[in-house]
Every structure is written in C-alpha cells, then in structure tokens.
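Undergrad: Below is one structure. I have some questions about it.
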Amino acid sequence: MNGWEWLRGIAPVSLCDWPEHVCSVLFFGGCNLRCPTCHNGAIAWRPESLPALSHEEIMLDLFKRRTWLDGIVVTGGEASIVPGIEKVFKDLRQIGLPLKLDSNGMRPDLVYGFLEQGLVDCCAVDVKGPWVKYPALTGSRVDPDSARANLEAIFALATRHPDRFYFRCTRVPGLTKSDLAVARSYLPEGFELTLQQYIEPPEADCSANEALAMPDVIQVTDFSPGYEHA
C-alpha cells in the first residue's frame, strides 16, 4: 500500500519537534491508542474526515527547502502503523535529510524493522506515565503488563542504539510529580525524560468519553526474528 494516502498535515518549519534541528513535520492519520488527552484527535481517530495532501506537492516543497532544513519528522497519530509507511520513508530518503519517527512505543517490532532497514535515523518514544496508569492514559487500549513489555523492548533497542532514541512524557492532567519520577525511573541508564507541556484538545476533537469507549486493547507484541527481548 501507499502510505502517502494517509498524509493529513504538514508543519513546514518546526524548531521544537527535534532537538537542535530545524525540521518539517509530516502528520499521518490513524492511531492504535485512544488517549483522552490527545490534542490531535481528528488526525489520530478520524483521518477520513480530513483531506489527503498531495504527495507530489509535499515532496517538491521539501526538495526546494532541503538546503536549510536539518531533518524531517514523521508523526501522527501513530505513523508506525500506517500501511505502506516504508514507502514514505524510502521516498523521503531521496531528499537527503535525516528522518525522525515519533511513536508511542506499542509496536517495538515495527520500530526494530525500521532501524534494521535504515529507514529512520532517530525515534522519539512516549513514556506516558507509570505502567499502572496506562489504561486511563490510553483510553483503555493498553494494560499495564503490555505497556511494560512493549516499552522495555524499546528500551533494549535504545540501549543498543543510544544515539538514535530519546524519550518524552506529556504532563497531562492527572499525572503527579511522583508519577513523572516513576516514569523517569523506567528509562535505561544514560537517558533522560523530556517533559512536554499539555495542550488542550480542540473542542472539535473526540471527547474523553468517546475516546474511552473505543474498543480493543494493545497486547504484548510478537517480535521480529532475531530480536532479543531484554
């Protein structure tokens, strides 16, 4: 499939989405979580309600501006689950800029594959809070055991590739200072947890009640062959 079909937004220039990088940010629709505090709910949960952007126009724009950009960020939603996202990465590689993926970390098998294939240079992964709070933080999509297993797999990857990962936590309502300290304690040695300010979701986005009513729960992922789960 052509992952470009799910492109729903672009920030032509960002100074805050990749530390020490001037970058463009591409937003792809769809997500495997239903976080009640998501500030990007329309793209994450109702991408079909938004117009698709032209792949050709976006590529042309990025080519024109590549000399003063330091990188391109691919985000969502949850871009890692977009069907055909590998083609997007391969196309963007033609521009000659580093690529960063934003992820919630619930598909470590996919992140592993992207790294092994050389499709991305950096991954920013969310650590949403203590494991016990993951059901509330993800709209009942992730149980504590699955959150821990999937993120510990990501941490193992980060330990092997320390220059290619960093970790973030958004200070959403309900997270205490103690919660942030617990989340920080999960990280491998040598990594820091970047704290992000909470942005109130637009009124047009899914309400918290609607998000919490969404079905399905993320389970522990089956890892790619040869992947050593620490």
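Following the order of the structure tokens, first chain is A, next is B, and so on, with residues numbered from 1 inside each chain and ligands from 1 in the order they appear.
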Contacts of region 77-79 of chain A at 8 Å or less, counting only C-alpha atoms, minus same-chain residues fewer than 5 places along, as a compact mmCIF listing (two decimals) with C-alpha atoms, in the first residue's frame?
TA:
# COMPACT_ATOMS: atom_id res chain seq x y z
CA PHE A 27 1.33 14.17 10.13
CA PHE A 28 -0.15 10.79 9.15
CA GLY A 29 -3.62 9.63 10.14
CA GLY A 30 -4.61 6.71 12.34
CA CYS A 31 -3.61 5.54 15.81
CA ASN A 32 -3.72 2.34 17.86
CA ASN A 40 -4.53 15.65 17.56
CA GLY A 41 -7.68 13.55 17.78
CA ILE A 43 -5.88 13.06 12.59
CA ALA A 44 -5.49 10.15 15.01
CA TRP A 45 -9.05 8.81 15.03
CA ILE A 85 4.79 3.78 5.66
CA LEU A 101 9.87 8.90 13.77
CA ASP A 102 7.55 9.79 16.65
CA SER A 103 5.98 6.72 18.28
CA ASN A 104 4.01 5.62 21.31
Undergrad: What lies within 10 Å of region 59-76 of chain A using only C-alpha atoms, ignoring chain neighbours under 6 positions off, as a VMD selection string?
TA: chain A and resid 6 to 14 17 to 18 20 to 31 40 to 41 43 to 44 82 85 88 to 89 91 to 104 120 to 124
Undergrad: With only C-alpha atoms as the atoms that count, which of A:His161, A:Arg184, A:Arg171, A:Arg148 lies nearest to Ile199 (chain A)?
TA: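 Closest residue, counting only C-alpha atoms: A:Arg171.
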Undergrad: Which value, in Å to one decimal, gives the distance between CA of Arg46 (chain A) and CA of Gly105 (chain A)?
TA: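 CA of Gly105 (chain A) lies 21.1 Å from CA of Arg46 (chain A).
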Undergrad: Can you tell me, as a list in words, which residues in region 39-189 of chain A count as strand (DSSP E or B) by DSSP?
TA: Gly71, Ile72, Val73, Val74, Thr75, Leu99, Lys100, Leu101, Asp102, Ser103, Cys122, Cys123, Ala124, Val125, Asp126, Val142, Phe165, Tyr166, Phe167, Arg168, Cys169 and Thr170 of chain A
Undergrad: How would you write, as a PyMOL selection string, the set of residues in region 47-196 of chain A that DSSP gives as helix (DSSP H, G or I)?
TA: chain A and resi 47-49+55-68+79-81+85-93+108-116+131-137+144-160+162-164+177-185
Undergrad: To one decimal place in Å, what is the distance between CA of Ser146 (chain A) and CA of Asn2 (chain A)?
TA: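 Taking CA of Ser146 (chain A) as the start and CA of Asn2 (chain A) as the end point, the length is 29.5 Å.
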